[in-house]
Amino acid sequence: MKTTTGTLEAAQEAVTELREALARAGITLPSLGLDAVTLSAETPRPLVELGRCTVETARLLAAALLPEEESRS
């Protein structure tokens, strides 16, 4: 059971890291979290649920992912 707990803790840490990185870029994904369905298996294999976002947020996310030179074009 220790491996499962470690996996869940690691998944939650990844969500927290992503939420903090997005916040530094001025982006909020309200539905960001762990996908409940992937947690319900006997041996959970967590997936991160990014959820829905507005068009504006999608553009902010795309701009944050582009190298700085490309985002200035």
# chains A, B, ... in the order shown; residues from 1 in each chain; ligands from 1

call {"tool": "residues_around", "arguments": {"residues": "segment 13-20 of chain A", "least_positions_apart": "3", "cutoff": "9 Å", "atoms": "only C-alpha atoms", "output": "list in words"}}
result
Leu8, Glu9, Ala10, Ala23, Arg24, Ala25, Ile27, Thr28, Leu29, Leu32, Gly33, Leu34, Val48 and Glu49 of chain A

call {"tool": "select_by_dssp", "arguments": {"residues": "chain A", "states": "strand (DSSP E)", "output": "list in words"}}
result
Gly33, Leu34, Val48 and Glu49 of chain A

call {"tool": "write_last_selection", "arguments": {"atoms": "all heavy atoms", "output": "CSV table (one decimal), in the first residue's frame"}}
result
chain,number,residue,atom,x,y,z
A,33,GLY,N,-6.9,19.5,-11.0
A,33,GLY,CA,-6.9,18.5,-9.9
A,33,GLY,C,-6.7,17.1,-10.4
A,33,GLY,O,-6.3,16.9,-11.5
A,34,LEU,N,-6.8,16.2,-9.5
A,34,LEU,CA,-6.6,14.8,-9.9
A,34,LEU,C,-8.0,14.2,-10.4
A,34,LEU,O,-9.0,14.5,-9.9
A,34,LEU,CB,-6.1,14.0,-8.7
A,34,LEU,CG,-4.8,14.3,-8.2
A,34,LEU,CD1,-4.4,13.5,-7.0
A,34,LEU,CD2,-3.7,14.2,-9.3
A,48,VAL,N,-3.8,13.9,-14.2
A,48,VAL,CA,-4.1,15.2,-13.8
A,48,VAL,C,-5.2,15.7,-14.7
A,48,VAL,O,-5.1,15.7,-16.0
A,48,VAL,CB,-2.9,16.1,-13.9
A,48,VAL,CG1,-3.2,17.6,-13.6
A,48,VAL,CG2,-1.8,15.6,-13.0
A,49,GLU,N,-6.3,16.2,-14.1
A,49,GLU,CA,-7.4,16.8,-14.9
A,49,GLU,C,-7.2,18.3,-15.0
A,49,GLU,O,-7.1,19.0,-14.0
A,49,GLU,CB,-8.7,16.5,-14.1
A,49,GLU,CG,-9.9,17.1,-14.7
A,49,GLU,CD,-10.3,16.5,-16.0
A,49,GLU,OE1,-10.3,15.2,-16.1
A,49,GLU,OE2,-10.6,17.2,-17.0

call {"tool": "closest_residue", "arguments": {"among": "A:Ala21, A:Asp35, A:Glu42, A:Leu50", "to": "Ala64 of chain A", "atoms": "only C-alpha atoms"}}
result
A:Ala21

call {"tool": "atom_distance", "arguments": {"atom1": "atom CA of Arg45 of chain A", "atom2": "atom CA of Ser31 of chain A"}}
result
19.0 Å

call {"tool": "atom_distance", "arguments": {"atom1": "atom CA of Ala11 of chain A", "atom2": "atom CA of Glu68 of chain A"}}
result
29.2 Å

call {"tool": "atom_distance", "arguments": {"atom1": "atom CA of Val37 of chain A", "atom2": "atom CA of Leu61 of chain A"}}
result
25.6 Å

call {"tool": "select_by_dssp", "arguments": {"residues": "chain A", "states": "alpha helix (DSSP H)", "output": "short mmCIF file (atom, residue, chain, number, x, y, z; two decimals) with N, CA and C atoms, in the first residue's frame"}}
result
data_model
loop_
_atom_site.label_atom_id
_atom_site.label_comp_id
_atom_site.auth_asym_id
_atom_site.auth_seq_id
_atom_site.Cartn_x
_atom_site.Cartn_y
_atom_site.Cartn_z
N LYS A 2 2.11 1.15 0.45
CA LYS A 2 3.01 2.29 0.51
C LYS A 2 3.23 2.90 -0.87
N THR A 3 3.36 2.05 -1.89
CA THR A 3 3.56 2.54 -3.26
C THR A 3 2.36 3.37 -3.71
N THR A 4 1.16 2.90 -3.41
CA THR A 4 -0.05 3.63 -3.80
C THR A 4 -0.07 5.01 -3.15
N THR A 5 0.21 5.06 -1.87
CA THR A 5 0.23 6.34 -1.17
C THR A 5 1.27 7.26 -1.79
N GLY A 6 2.45 6.72 -2.05
CA GLY A 6 3.49 7.52 -2.68
C GLY A 6 3.06 8.04 -4.03
N THR A 7 2.39 7.22 -4.79
CA THR A 7 1.90 7.63 -6.10
C THR A 7 0.89 8.75 -5.97
N LEU A 8 -0.04 8.62 -5.05
CA LEU A 8 -1.05 9.66 -4.84
C LEU A 8 -0.42 10.95 -4.33
N GLU A 9 0.53 10.82 -3.42
CA GLU A 9 1.21 12.01 -2.92
C GLU A 9 1.99 12.70 -4.04
N ALA A 10 2.68 11.92 -4.86
CA ALA A 10 3.44 12.48 -5.97
C ALA A 10 2.51 13.17 -6.97
N ALA A 11 1.36 12.56 -7.22
CA ALA A 11 0.39 13.15 -8.14
C ALA A 11 -0.14 14.48 -7.60
N GLN A 12 -0.45 14.52 -6.31
CA GLN A 12 -0.94 15.75 -5.71
C GLN A 12 0.14 16.83 -5.72
N GLU A 13 1.39 16.43 -5.48
CA GLU A 13 2.50 17.38 -5.55
C GLU A 13 2.63 17.96 -6.95
N ALA A 14 2.45 17.12 -7.96
CA ALA A 14 2.53 17.58 -9.35
C ALA A 14 1.44 18.60 -9.64
N VAL A 15 0.24 18.35 -9.14
CA VAL A 15 -0.87 19.29 -9.32
C VAL A 15 -0.54 20.62 -8.64
N THR A 16 -0.01 20.55 -7.43
CA THR A 16 0.36 21.76 -6.70
C THR A 16 1.43 22.54 -7.44
N GLU A 17 2.46 21.84 -7.93
CA GLU A 17 3.53 22.50 -8.69
C GLU A 17 2.99 23.17 -9.94
N LEU A 18 2.10 22.49 -10.65
CA LEU A 18 1.52 23.06 -11.86
C LEU A 18 0.66 24.27 -11.52
N ARG A 19 -0.16 24.17 -10.49
CA ARG A 19 -1.02 25.29 -10.08
C ARG A 19 -0.16 26.51 -9.74
N GLU A 20 0.93 26.30 -9.01
CA GLU A 20 1.81 27.41 -8.63
C GLU A 20 2.52 28.01 -9.85
N ALA A 21 2.98 27.16 -10.77
CA ALA A 21 3.64 27.65 -11.98
C ALA A 21 2.67 28.45 -12.84
N LEU A 22 1.46 27.97 -12.97
CA LEU A 22 0.45 28.69 -13.75
C LEU A 22 0.12 30.03 -13.08
N ALA A 23 0.03 30.03 -11.77
CA ALA A 23 -0.27 31.27 -11.05
C ALA A 23 0.83 32.31 -11.29
N ARG A 24 2.09 31.87 -11.31
CA ARG A 24 3.19 32.80 -11.59
C ARG A 24 3.08 33.39 -12.98
N ALA A 36 -10.73 11.81 -10.59
CA ALA A 36 -11.28 10.85 -9.62
C ALA A 36 -11.39 9.43 -10.18
N VAL A 37 -11.72 9.30 -11.45
CA VAL A 37 -11.89 7.96 -12.04
C VAL A 37 -10.58 7.18 -11.99
N THR A 38 -9.47 7.85 -12.26
CA THR A 38 -8.19 7.15 -12.28
C THR A 38 -7.69 6.84 -10.87
N LEU A 39 -8.31 7.43 -9.87
CA LEU A 39 -7.94 7.15 -8.49
C LEU A 39 -8.72 5.97 -7.92
N VAL A 55 -11.54 31.13 -23.34
CA VAL A 55 -10.70 31.36 -24.51
C VAL A 55 -9.50 32.23 -24.11
N GLU A 56 -9.77 33.24 -23.30
CA GLU A 56 -8.69 34.12 -22.84
C GLU A 56 -7.62 33.32 -22.08
N THR A 57 -8.05 32.43 -21.19
CA THR A 57 -7.11 31.61 -20.43
C THR A 57 -6.34 30.68 -21.36
N ALA A 58 -7.00 30.11 -22.35
CA ALA A 58 -6.32 29.25 -23.31
C ALA A 58 -5.22 30.01 -24.05
N ARG A 59 -5.51 31.26 -24.41
CA ARG A 59 -4.50 32.08 -25.09
C ARG A 59 -3.34 32.43 -24.16
N LEU A 60 -3.65 32.74 -22.91
CA LEU A 60 -2.59 33.01 -21.93
C LEU A 60 -1.70 31.79 -21.74
N LEU A 61 -2.32 30.63 -21.68
CA LEU A 61 -1.58 29.38 -21.53
C LEU A 61 -0.68 29.13 -22.73
N ALA A 62 -1.22 29.33 -23.92
CA ALA A 62 -0.43 29.14 -25.15
C ALA A 62 0.74 30.11 -25.18
N ALA A 63 0.49 31.36 -24.81
CA ALA A 63 1.57 32.37 -24.81
C ALA A 63 2.64 32.02 -23.79
N ALA A 64 2.24 31.48 -22.65
CA ALA A 64 3.21 31.11 -21.62
C ALA A 64 4.09 29.95 -22.05
N LEU A 65 3.57 29.11 -22.93
CA LEU A 65 4.32 27.94 -23.38
C LEU A 65 5.24 28.23 -24.56
N GLU A 68 9.84 33.07 -25.82
CA GLU A 68 9.58 34.51 -25.79
C GLU A 68 9.64 35.14 -27.17
N GLU A 69 10.57 34.71 -28.02
CA GLU A 69 10.69 35.29 -29.36
C GLU A 69 9.43 35.07 -30.18
N GLU A 70 8.84 33.88 -30.07
CA GLU A 70 7.63 33.55 -30.84
C GLU A 70 6.44 34.34 -30.34
N SER A 71 6.34 34.57 -29.03
CA SER A 71 5.17 35.25 -28.48
C SER A 71 5.17 36.73 -28.84
#
